[in-house]
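Colleague: This is the content of data32.txt (compact mmCIF, C-alpha atoms):
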```
# COMPACT_ATOMS: atom_id res chain seq x y z
CA MET A 38 36.09 67.86 5.71
CA LEU A 39 37.05 64.80 3.71
CA THR A 40 39.46 66.84 1.60
CA SER A 41 41.31 68.29 4.59
CA LYS A 42 41.55 64.80 6.08
CA ARG A 43 43.20 63.59 2.89
CA ILE A 44 45.61 66.51 2.90
CA ILE A 45 46.65 65.65 6.44
CA ILE A 46 47.14 61.97 5.50
CA GLY A 47 49.18 63.03 2.48
CA LEU A 48 51.39 65.31 4.55
CA ILE A 49 51.97 62.58 7.14
CA LEU A 50 52.95 60.14 4.39
CA VAL A 51 55.36 62.67 2.88
CA GLY A 52 56.91 63.21 6.29
CA LEU A 53 57.25 59.49 6.96
CA VAL A 54 58.90 58.82 3.62
CA GLY A 55 61.23 61.79 4.08
CA VAL A 56 62.30 60.64 7.53
CA GLY A 57 62.73 57.08 6.24
CA VAL A 58 64.98 58.16 3.39
CA TRP A 59 66.99 60.40 5.68
CA GLN A 60 67.48 57.67 8.25
CA MET A 61 68.43 55.05 5.67
CA GLY A 62 70.91 57.45 4.15
CA ARG A 63 72.52 57.84 7.56
CA VAL A 64 72.86 54.15 8.33
CA GLU A 65 74.12 53.10 4.91
CA GLU A 66 77.52 51.51 5.38
CA PRO A 67 79.09 50.19 2.20
CA ALA A 68 80.69 46.78 2.36
CA PRO A 69 84.46 46.82 2.69
CA GLU A 70 86.39 46.01 -0.45
CA PRO A 71 88.30 42.76 -0.20
CA ALA A 72 92.01 43.32 0.12
CA PRO A 73 94.05 42.25 -2.88
CA SER A 74 95.90 39.01 -2.38
CA THR A 75 99.05 40.37 -3.97
CA PRO A 76 100.51 43.85 -3.74
CA PRO A 77 99.66 46.03 -6.73
CA LYS A 78 102.28 46.48 -9.36
CA ALA A 79 102.41 49.89 -10.93
CA ALA A 80 101.80 50.10 -14.63
CA PRO A 81 102.51 53.06 -16.87
CA ALA A 82 99.69 55.37 -17.74
CA PRO A 83 98.10 55.42 -21.15
CA ALA A 84 99.51 58.85 -21.72
CA GLU A 85 99.39 61.28 -24.59
CA SER A 86 96.13 60.32 -26.17
CA PRO A 87 94.36 62.99 -28.19
CA ALA A 88 92.01 65.10 -26.20
CA THR A 89 88.66 65.35 -27.87
CA GLY A 90 86.59 63.55 -30.43
CA SER A 91 86.64 66.52 -32.74
CA GLN A 92 90.37 66.32 -33.25
CA PRO A 93 91.87 63.84 -35.66
CA PRO A 94 94.08 61.20 -34.08
CA ALA A 95 97.84 61.43 -34.12
CA THR A 96 99.62 59.67 -36.94
CA ALA A 97 102.77 57.59 -36.63
CA GLY A 98 105.33 60.33 -36.87
CA GLN A 99 103.27 62.86 -35.00
CA SER A 100 102.90 63.26 -31.28
CA ALA A 101 99.44 63.55 -29.84
CA PRO A 102 97.92 67.01 -30.16
CA ALA A 103 97.97 69.29 -27.17
CA GLY A 104 95.00 68.94 -24.92
CA ARG A 105 93.86 68.11 -21.45
CA VAL A 106 95.33 64.65 -21.62
CA GLN A 107 98.80 66.01 -21.93
CA SER A 108 98.22 68.20 -18.93
CA SER A 109 98.06 65.04 -16.84
CA PRO A 110 101.21 64.38 -14.87
CA PRO A 111 103.46 61.83 -16.50
CA PRO A 112 103.74 58.45 -14.86
CA ALA A 113 106.13 58.40 -11.93
CA GLU A 114 107.67 55.12 -12.97
CA PRO A 115 109.80 55.03 -16.10
CA PRO A 116 107.63 53.69 -18.89
CA ALA A 117 109.92 50.79 -19.64
CA ALA A 118 107.16 48.46 -20.73
CA PRO A 119 103.39 48.45 -20.90
CA ALA A 120 103.44 46.40 -17.75
CA GLN A 121 99.78 45.98 -17.03
CA ARG A 122 98.63 45.26 -20.54
CA SER A 123 101.62 43.04 -21.06
CA GLN A 124 100.25 40.70 -18.43
CA ALA A 125 97.33 40.20 -20.76
CA LEU A 126 99.20 40.41 -24.02
CA PRO A 127 102.81 39.36 -23.93
CA PRO A 128 105.55 41.57 -25.30
CA PRO A 129 106.41 41.06 -28.96
CA VAL A 130 109.47 38.95 -28.16
CA SER A 131 107.20 36.13 -27.10
CA SER A 132 106.22 33.82 -29.89
CA SER A 133 103.16 32.55 -28.07
CA PHE A 134 99.85 34.32 -28.02
CA PRO A 135 98.00 33.18 -24.94
CA ALA A 136 94.28 33.24 -24.35
CA ALA A 137 92.62 36.32 -22.94
CA PRO A 138 92.97 36.57 -19.18
CA GLU A 139 90.04 35.66 -16.99
CA GLU A 140 90.69 38.51 -14.60
CA ALA A 141 89.46 41.91 -15.79
CA ARG A 142 92.07 43.77 -13.79
CA ALA A 143 94.82 41.79 -15.49
CA ARG A 144 93.99 43.52 -18.77
CA CYS A 145 93.22 47.05 -17.70
CA TRP A 146 94.72 50.25 -18.98
CA GLY A 147 95.77 52.53 -16.19
CA ASN A 148 98.43 53.35 -13.71
CA ASP A 149 97.18 50.95 -11.07
CA PRO A 150 95.57 47.60 -11.81
CA ASN A 151 94.10 47.66 -8.31
CA ALA A 152 92.53 51.08 -8.78
CA PRO A 153 89.41 51.54 -6.65
CA VAL A 154 87.13 51.72 -9.68
CA LEU A 155 87.08 49.18 -12.48
CA ILE A 156 85.38 50.13 -15.75
CA GLU A 157 84.86 47.40 -18.33
CA VAL A 158 83.61 48.32 -21.80
CA PHE A 159 82.19 45.86 -24.32
CA SER A 160 82.53 47.61 -27.63
CA ASP A 161 82.14 47.12 -31.38
CA PHE A 162 84.30 49.15 -33.76
CA GLN A 163 81.51 49.76 -36.27
CA CYS A 164 78.92 50.80 -33.71
CA PRO A 165 78.43 54.61 -33.78
CA HIS A 166 77.56 54.83 -30.09
CA CYS A 167 80.77 52.97 -29.25
CA ARG A 168 82.58 55.64 -31.24
CA THR A 169 80.87 58.37 -29.22
CA LEU A 170 81.61 56.61 -25.96
CA TYR A 171 85.28 56.11 -26.78
CA LEU A 172 86.04 59.50 -28.33
CA GLU A 173 83.96 61.69 -26.03
CA THR A 174 84.04 59.81 -22.75
CA MET A 175 86.56 57.03 -22.35
CA ARG A 176 89.54 58.97 -23.65
CA GLN A 177 88.84 61.52 -20.94
CA VAL A 178 88.55 58.73 -18.39
CA LEU A 179 91.91 57.40 -19.54
CA ALA A 180 93.49 60.81 -19.10
CA ASP A 181 91.78 62.06 -15.97
CA TYR A 182 91.39 58.87 -13.95
CA ALA A 183 93.24 55.87 -15.39
CA ALA A 184 96.50 57.77 -15.83
CA GLN A 185 96.34 58.71 -12.17
CA GLY A 186 95.65 55.21 -10.95
CA ARG A 187 92.11 55.98 -9.85
CA VAL A 188 90.35 53.91 -12.49
CA CYS A 189 91.27 50.66 -14.18
CA LEU A 190 89.77 50.67 -17.69
CA ALA A 191 89.40 47.38 -19.54
CA TYR A 192 88.17 47.16 -23.13
CA TYR A 193 86.57 43.97 -24.44
CA GLU A 194 86.01 43.22 -28.09
CA PHE A 195 82.37 42.51 -28.85
CA PRO A 196 81.97 42.58 -32.65
CA LEU A 197 78.33 42.27 -33.60
CA SER A 198 77.38 39.91 -36.39
CA GLN A 199 75.55 42.60 -38.38
CA ASN A 200 78.73 44.67 -38.70
CA PRO A 201 80.89 42.99 -41.37
CA TYR A 202 84.19 44.74 -40.63
CA SER A 203 84.06 44.95 -36.84
CA ARG A 204 85.91 41.72 -36.26
CA ALA A 205 88.77 42.69 -38.57
CA ALA A 206 89.08 46.02 -36.77
CA ALA A 207 89.05 44.24 -33.42
CA ARG A 208 91.91 42.01 -34.61
CA TYR A 209 94.01 45.09 -35.37
CA ALA A 210 93.22 46.64 -31.99
CA VAL A 211 94.16 43.48 -30.11
CA ALA A 212 97.33 43.15 -32.17
CA ALA A 213 98.25 46.81 -31.59
CA SER A 214 97.80 46.37 -27.86
CA ARG A 215 100.89 44.12 -27.91
CA LEU A 216 102.92 47.21 -28.75
CA GLY A 217 101.79 48.90 -25.56
CA ALA A 218 99.30 51.41 -24.27
CA GLN A 219 100.34 54.30 -26.47
CA LYS A 220 100.10 52.35 -29.73
CA TRP A 221 96.84 50.75 -28.69
CA ILE A 222 95.37 54.21 -28.07
CA GLN A 223 96.67 55.48 -31.41
CA VAL A 224 95.04 52.59 -33.24
CA MET A 225 91.81 52.93 -31.24
CA ASP A 226 91.76 56.65 -32.03
CA ALA A 227 92.27 56.04 -35.73
CA LEU A 228 89.70 53.23 -35.97
CA TYR A 229 87.02 55.18 -34.16
CA TYR A 230 87.80 58.56 -35.65
CA TYR A 231 87.69 57.25 -39.23
CA GLN A 232 84.89 54.78 -38.53
CA GLY A 233 82.63 56.31 -41.17
CA GLN A 234 85.37 55.90 -43.77
CA TRP A 235 86.45 52.26 -43.37
CA SER A 236 82.94 51.09 -42.47
CA GLN A 237 81.94 51.84 -46.06
CA ASP A 238 84.49 49.70 -47.87
CA GLY A 239 86.22 47.65 -45.18
CA ARG A 240 89.63 49.17 -45.96
CA ILE A 241 90.96 49.09 -42.42
CA GLU A 242 94.66 48.69 -43.20
CA PRO A 243 95.30 52.27 -44.43
CA VAL A 244 93.61 53.65 -41.33
CA VAL A 245 95.74 51.53 -39.00
CA ALA A 246 98.84 52.19 -41.06
CA GLN A 247 98.58 55.94 -40.63
CA ALA A 248 98.49 55.51 -36.85
CA LEU A 249 101.72 53.50 -36.72
CA SER A 250 105.18 53.55 -38.19
CA GLU A 251 105.88 51.27 -41.14
CA ASN A 252 107.61 48.63 -39.05
CA GLU A 253 104.99 48.75 -36.35
CA PHE A 254 102.24 48.37 -38.90
CA LYS A 255 103.92 45.32 -40.47
CA GLN A 256 104.26 43.76 -37.05
CA VAL A 257 100.66 44.51 -36.13
CA GLN A 258 99.45 43.20 -39.48
CA ALA A 259 101.24 39.91 -38.88
CA TRP A 260 99.80 39.61 -35.39
CA ALA A 261 96.32 40.53 -36.57
CA ASN A 262 96.34 37.52 -38.88
CA ASP A 263 97.40 35.20 -36.10
CA PRO A 264 94.51 32.79 -35.43
CA ARG A 265 95.13 33.13 -31.71
CA VAL A 266 93.93 36.73 -31.90
CA GLU A 267 90.64 35.35 -33.12
CA GLY A 268 90.59 33.11 -30.06
CA TRP A 269 91.14 36.17 -27.89
CA ILE A 270 88.16 37.92 -29.46
CA GLU A 271 86.01 34.82 -29.09
CA ARG A 272 86.83 34.75 -25.40
CA ASP A 273 85.80 38.38 -25.08
CA VAL A 274 82.50 37.71 -26.85
CA ALA A 275 81.83 34.68 -24.67
CA GLU A 276 82.58 36.74 -21.57
CA GLY A 277 80.16 39.41 -22.74
CA LYS A 278 77.40 36.89 -23.38
CA ARG A 279 78.00 35.31 -20.01
CA ARG A 280 77.46 38.71 -18.41
CA GLY A 281 74.31 39.47 -20.36
CA VAL A 282 75.71 41.88 -22.93
CA GLY A 283 73.15 42.14 -25.71
CA SER A 284 74.18 45.36 -27.35
CA THR A 285 77.10 47.73 -27.58
CA PRO A 286 78.43 49.69 -25.90
CA THR A 287 77.80 48.06 -22.56
CA VAL A 288 79.76 49.33 -19.60
CA PHE A 289 80.25 47.66 -16.23
CA ILE A 290 81.45 49.90 -13.41
CA THR A 291 82.66 48.03 -10.35
CA ALA A 292 83.68 49.49 -7.01
CA ARG A 293 83.59 48.10 -3.50
CA GLY A 294 82.21 44.82 -4.75
CA ASP A 295 79.20 46.41 -6.39
CA THR A 296 78.75 46.47 -10.17
CA GLN A 297 76.66 48.91 -12.16
CA LYS A 298 75.71 48.03 -15.73
CA VAL A 299 75.10 50.85 -18.20
CA THR A 300 73.98 50.30 -21.78
CA GLY A 301 74.79 53.10 -24.20
CA ALA A 302 77.08 56.08 -24.54
CA VAL A 303 77.27 58.05 -21.29
CA GLN A 304 78.33 61.69 -21.36
CA TYR A 305 81.67 62.27 -19.71
CA GLY A 306 80.43 64.79 -17.16
CA VAL A 307 77.71 62.44 -15.97
CA LEU A 308 80.08 59.48 -15.72
CA ARG A 309 82.58 61.68 -13.89
CA ARG A 310 80.00 62.45 -11.18
CA TYR A 311 79.44 58.74 -10.68
CA ILE A 312 83.15 57.90 -10.57
CA ASP A 313 83.80 60.77 -8.15
CA SER A 314 81.06 59.54 -5.84
CA LEU A 315 82.62 56.06 -5.85
CA LEU A 316 86.06 57.48 -5.15
CA ALA A 317 84.69 59.67 -2.36
CA GLN A 318 83.33 56.58 -0.58
CA ARG A 319 86.79 55.10 -0.15
CA MET B 291 30.45 49.64 -6.35
CA LEU B 292 32.69 47.86 -8.86
CA TRP B 293 33.69 51.17 -10.43
CA ARG B 294 34.53 52.61 -7.03
CA LEU B 295 36.70 49.60 -6.30
CA LEU B 296 38.44 49.89 -9.65
CA HIS B 297 38.97 53.59 -9.02
CA TRP B 298 40.46 52.87 -5.60
CA ILE B 299 42.74 50.10 -6.92
CA SER B 300 43.95 52.33 -9.76
CA ARG B 301 44.67 55.19 -7.41
CA VAL B 302 46.51 53.16 -4.78
CA GLY B 303 48.29 50.94 -7.34
CA LEU B 304 49.47 53.83 -9.47
CA GLY B 305 50.55 55.73 -6.36
CA ALA B 306 52.54 52.72 -5.20
CA VAL B 307 54.22 52.35 -8.60
CA PHE B 308 55.28 56.02 -8.57
CA VAL B 309 56.50 55.99 -4.98
CA TYR B 310 58.49 52.83 -5.69
CA ALA B 311 59.88 54.18 -8.98
CA GLY B 312 61.03 57.36 -7.28
CA PHE B 313 62.37 55.65 -4.19
CA VAL B 314 64.60 53.16 -6.02
CA LYS B 315 66.12 56.09 -7.90
CA VAL B 316 67.05 58.13 -4.85
CA TYR B 317 68.10 55.41 -2.45
CA PRO B 318 70.94 54.74 -2.16
CA ARG B 319 72.52 57.93 -3.47
CA ARG B 320 74.55 56.09 -6.11
CA HIS B 321 71.26 55.00 -7.69
CA GLN B 322 70.47 58.64 -8.37
CA LEU B 323 73.85 59.08 -10.03
CA ALA B 324 73.28 55.86 -11.96
CA PHE B 325 69.89 57.21 -13.02
CA ALA B 326 71.69 60.24 -14.43
CA MET B 327 73.86 57.87 -16.48
CA ASP B 328 70.73 56.13 -17.75
CA LEU B 329 69.25 59.47 -18.79
CA SER B 330 72.52 60.38 -20.44
CA THR B 331 72.41 57.30 -22.67
CA TYR B 332 69.17 58.61 -24.23
CA GLN B 333 71.32 61.28 -25.91
CA LEU B 334 68.49 63.79 -25.81
CA LEU B 335 69.62 66.29 -23.20
CA PRO B 336 72.80 68.25 -22.52
CA GLU B 337 74.79 67.30 -19.44
CA TRP B 338 73.40 70.04 -17.21
CA ALA B 339 69.82 69.08 -18.08
CA VAL B 340 70.54 65.39 -17.45
CA VAL B 341 71.80 66.26 -13.98
CA LEU B 342 68.84 68.55 -13.28
CA VAL B 343 66.28 65.94 -14.35
CA ALA B 344 68.07 63.17 -12.45
CA GLU B 345 68.05 65.24 -9.27
CA THR B 346 64.41 66.35 -9.44
CA LEU B 347 62.38 63.72 -11.28
CA PRO B 348 62.60 60.92 -8.67
CA TRP B 349 61.36 63.26 -5.93
CA MET B 350 58.56 64.42 -8.17
CA GLU B 351 57.57 60.80 -8.74
CA ILE B 352 57.44 60.17 -4.99
CA LEU B 353 55.33 63.27 -4.38
CA LEU B 354 53.04 62.34 -7.26
CA GLY B 355 52.57 58.86 -5.82
CA LEU B 356 51.76 60.27 -2.39
CA ALA B 357 49.33 62.76 -3.89
CA LEU B 358 47.56 59.92 -5.70
CA TRP B 359 47.36 57.96 -2.48
CA SER B 360 45.89 60.90 -0.60
CA GLY B 361 43.33 61.57 -3.34
CA TRP B 362 43.84 65.31 -2.98
CA LYS B 363 43.11 67.19 -6.24
CA LEU B 364 42.97 63.79 -7.84
CA ARG B 365 41.84 64.93 -11.27
CA TYR B 366 44.82 67.26 -11.63
CA PHE B 367 47.37 64.79 -10.33
CA ALA B 368 45.92 61.90 -12.32
CA ALA B 369 45.99 64.00 -15.49
CA PHE B 370 49.56 65.07 -14.77
CA THR B 371 50.54 61.45 -14.14
CA GLY B 372 49.02 60.44 -17.47
CA LEU B 373 50.90 63.21 -19.27
CA LEU B 374 54.16 62.30 -17.55
CA LEU B 375 53.80 58.64 -18.46
CA THR B 376 52.94 59.57 -22.05
CA ALA B 377 56.09 61.68 -22.17
CA PHE B 378 58.22 58.83 -20.76
CA ILE B 379 56.83 56.31 -23.23
CA SER B 380 57.25 58.72 -26.16
CA VAL B 381 60.88 59.39 -25.27
CA MET B 382 61.56 55.67 -24.87
CA LEU B 383 59.85 54.92 -28.19
CA ILE B 384 61.83 57.60 -30.02
CA THR B 385 65.08 56.38 -28.49
CA TYR B 386 64.29 52.78 -29.36
CA ALA B 387 63.27 53.75 -32.90
CA ARG B 388 66.51 55.70 -33.35
CA GLY B 389 68.39 52.51 -32.58
CA ILE B 390 70.04 54.01 -29.53
CA GLU B 391 71.03 51.49 -26.92
CA ALA B 392 69.92 53.08 -23.69
CA ASN B 393 68.88 52.09 -20.21
CA CYS B 394 65.22 52.58 -19.39
CA GLY B 395 65.86 54.07 -15.96
CA CYS B 396 62.23 53.32 -15.07
CA PHE B 397 62.62 51.25 -11.92
CA GLY B 398 66.23 51.59 -10.95
CA PRO B 399 69.42 51.18 -12.93
CA GLY B 400 70.57 48.51 -15.34
CA GLU B 401 67.46 47.84 -17.43
CA ALA B 402 67.76 48.43 -21.17
CA ILE B 403 64.86 49.76 -23.25
CA SER B 404 63.11 46.83 -24.89
CA PRO B 405 59.66 45.92 -26.18
CA TYR B 406 59.02 44.54 -22.69
CA THR B 407 59.75 47.85 -20.93
CA LEU B 408 57.67 49.72 -23.50
CA ALA B 409 54.73 47.35 -23.04
CA ARG B 410 55.00 47.49 -19.25
CA ASP B 411 55.04 51.28 -19.15
CA SER B 412 52.13 51.44 -21.58
CA LEU B 413 50.22 49.14 -19.26
CA ILE B 414 50.86 51.55 -16.37
CA LEU B 415 49.43 54.34 -18.50
CA ALA B 416 46.02 52.63 -18.59
CA PRO B 417 45.05 53.21 -14.92
CA ALA B 418 46.46 56.76 -15.10
CA LEU B 419 44.21 57.58 -18.05
CA TYR B 420 41.25 55.88 -16.40
CA LEU B 421 41.78 57.84 -13.19
CA ALA B 422 42.16 61.11 -15.01
CA ILE B 423 39.08 60.64 -17.19
CA SER B 424 36.86 59.30 -14.41
CA SER B 425 37.82 61.99 -11.90
CA TRP B 426 37.28 64.78 -14.44
CA ARG B 427 33.89 63.27 -15.29
CA GLN B 428 33.00 63.10 -11.60
CA ALA B 429 34.01 66.70 -11.13
CA GLY B 430 31.89 67.70 -14.13
CA ALA B 431 28.91 65.69 -12.93
CA ALA B 432 28.98 67.05 -9.35
CA PRO B 433 27.98 70.69 -10.15
CA ALA B 434 25.40 69.48 -12.66
CA ALA B 435 23.78 67.25 -9.99
CA SER B 436 23.65 70.09 -7.48
```
Since I need it in another form, could you write the structure as structure tokens?
Modeller:
Amino acid sequence: MLTSKRIIIGLILVGLVGVGVWQMGRVEEPAPEPAPSTPPKAAPAPAESPATGSQPPATAGQSAPAGRVQSSPPPAEPPAAPAQRSQALPPPVSSSFPAAPEEARARCWGNDPNAPVLIEVFSDFQCPHCRTLYLETMRQVLADYAAQGRVCLAYYEFPLSQNPYSRAAARYAVAASRLGAQKWIQVMDALYYYQGQWSQDGRIEPVVAQALSENEFKQVQAWANDPRVEGWIERDVAEGKRRGVGSTPTVFITARGDTQKVTGAVQYGVLRRYIDSLLAQR
Amino acid sequence: MLWRLLHWISRVGLGAVFVYAGFVKVYPRRHQLAFAMDLSTYQLLPEWAVVLVAETLPWMEILLGLALWSGWKLRYFAAFTGLLLTAFISVMLITYARGIEANCGCFGPGEAISPYTLARDSLILAPALYLAISSWRQAGAAPAAS
């Protein structure tokens, strides 16, 4: 008698919770995204990055290997300048090297700085999980979403103190970003792909050099030694600490005013489901 | 009397923890997708398995919590709860020991695995083990008494 009574109570509770969840799912109305104060300015896509982590990155005289990234449509606008990144890092003609921008969207890689989804990654070049995240997930995000203006991807330097060569690698990446999206990706590819190599002896220069032409490498080398690059990295680290980043990689995904923090390397397919759900809510 | 009270508190408390843990993972829907990302950062399962676990585990937690509340087949559900918690803690420990930075995914998104989360989940294991052991003992004692 007592047992059947409990079964009935259990069934009623299951029913109540089920109805509650169903009803709440129906009434959920996401908050409207605030309209941008200024009209978005199109930026060229970070095109032609290598496709998968298993493939070596392209070297200076070599175009990126064929893959799904290249199947993405090219940017509609002529890629005259790395417009979006150049807001954060000025073109090489400028002698000044300003501080990192406060606004995450002002530094994003992608075809639309006002893309509905903003992904911010705090990363360390010597961290193996950051390597996995970049090579197996974020390159696909760049190709499949950022290049089409659906995602704005911003990378922050967060060199950890226990990794002796991370900061030097970060300096090269920041310096390479001044040459534009394509060169930044080439250097990122090389640094992450050959992470196991330069992490042993700290010989970063040959790895960066093979990703760029001779002149580009000289330019990047000069910029990398600019003390203002160090200031840029410090700003990134401070921003990470302010936002509670304690380990790398840490990813913040923002859409419709709501931010999701993820610590660790997420598989691309799983991240894709999340991004698609955010895009579907528009 | 005191043991009965402790038994009741363990049952209701553990049930509440499981219902809450499952509910915050399924509502709103994006939490379930975020839970899949948390599982993914453990780097233990292939993508399809991550999705499968993320879609089913929260509902199982809710049902388990409700079953504990109802007291129906308590010894089986309490034992299953204990095993499930042991599995969770083991996976978290292994991940933490491997140096993998991952989200716990225990009570909603955004919480990294830490000594705190490990200690908290171990603490939840205590009433589950107590419930399982005491209800199996009761079940063993009942036929002997008759």
Colleague: Mind running chain B against chain A at 8 Å and telling me each contacting residue's nearest atom pair with the distance in Å (one decimal), counting only C-alpha atoms, chain and number ascending, as a tab-separated table?
Modeller:
```
residue	atom	partner	partner_atom	distance
B:Tyr317	CA	A:Val58	CA	7.2
B:Pro318	CA	A:Gly62	CA	6.9
B:Arg319	CA	A:Gly62	CA	7.8
B:Arg320	CA	A:Tyr311	CA	7.2
B:Leu323	CA	A:Tyr311	CA	5.6
B:Ala324	CA	A:Tyr311	CA	6.9
B:Ala326	CA	A:Val307	CA	6.6
B:Met327	CA	A:Val303	CA	5.9
B:Asp328	CA	A:Val299	CA	6.9
B:Ser330	CA	A:Val303	CA	5.4
B:Thr331	CA	A:Gly301	CA	5.1
B:Tyr332	CA	A:Gly301	CA	7.9
B:Gln333	CA	A:Ala302	CA	7.9
B:Glu337	CA	A:Gly306	CA	6.6
B:Val340	CA	A:Val307	CA	7.9
B:Val341	CA	A:Val307	CA	7.3
B:Leu353	CA	A:Val51	CA	7.3
B:Leu356	CA	A:Gly47	CA	6.2
B:Ala357	CA	A:Gly47	CA	6.4
B:Trp359	CA	A:Gly47	CA	7.3
B:Ser360	CA	A:Gly47	CA	5.0
B:Gly361	CA	A:Arg43	CA	6.6
B:Trp362	CA	A:Arg43	CA	6.2
B:Ile390	CA	A:Gly301	CA	7.2
B:Glu391	CA	A:Gly301	CA	4.9
B:Ala392	CA	A:Gly301	CA	4.9
B:Asn393	CA	A:Thr300	CA	5.6
B:Pro399	CA	A:Lys298	CA	7.6
B:Gly400	CA	A:Lys298	CA	5.2
B:Ala402	CA	A:Thr300	CA	6.5
```
Colleague: Please list as a ChimeraX atom specification every residue within 8 Å of Gly398 of chain B, counting all atoms listed in the file and excluding residues in the same chain fewer than 5 positions away.
Modeller: /B:311,314-315,321,325
Colleague: Would you mind reading off the distance between atom CA of Glu345 of chain B and atom CA of Leu364 of chain B, one decimal, in Å?
Modeller: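 That distance, rounded to one decimal, is 25.2 Å.
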Colleague: Could you check the closest approach to Trp146 of chain A for each of A:Val188, A:Ala248, A:Cys164, A:Leu316 and tell me which residue wins, using only C-alpha atoms?
Modeller: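 Closest to Trp146 of chain A, using only C-alpha atoms: A:Val188.
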Colleague: For the atom pair atom CA of Asp273 of chain A and atom CA of Tyr193 of chain A, what is the interatomic distance in Å to one decimal place?
Modeller: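 Pair atom CA of Asp273 of chain A / atom CA of Tyr193 of chain A returns 5.7 Å.
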Colleague: One decimal, in Å: what's the spacing between atom CA of Asp313 of chain A and atom CA of Ile352 of chain B?
Modeller: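 Computing the Euclidean distance for atom CA of Asp313 of chain A and atom CA of Ile352 of chain B yields 26.6 Å.
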Colleague: Can you pull out the residues contacting Gln234 of chain A? Cut-off 9 Å, using all atoms listed in the file, and skip same-chain residues under 6 positions away; I want them as a list in words.
Modeller: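 The neighbour list is Arg240, Ile241 and Val244 of chain A.
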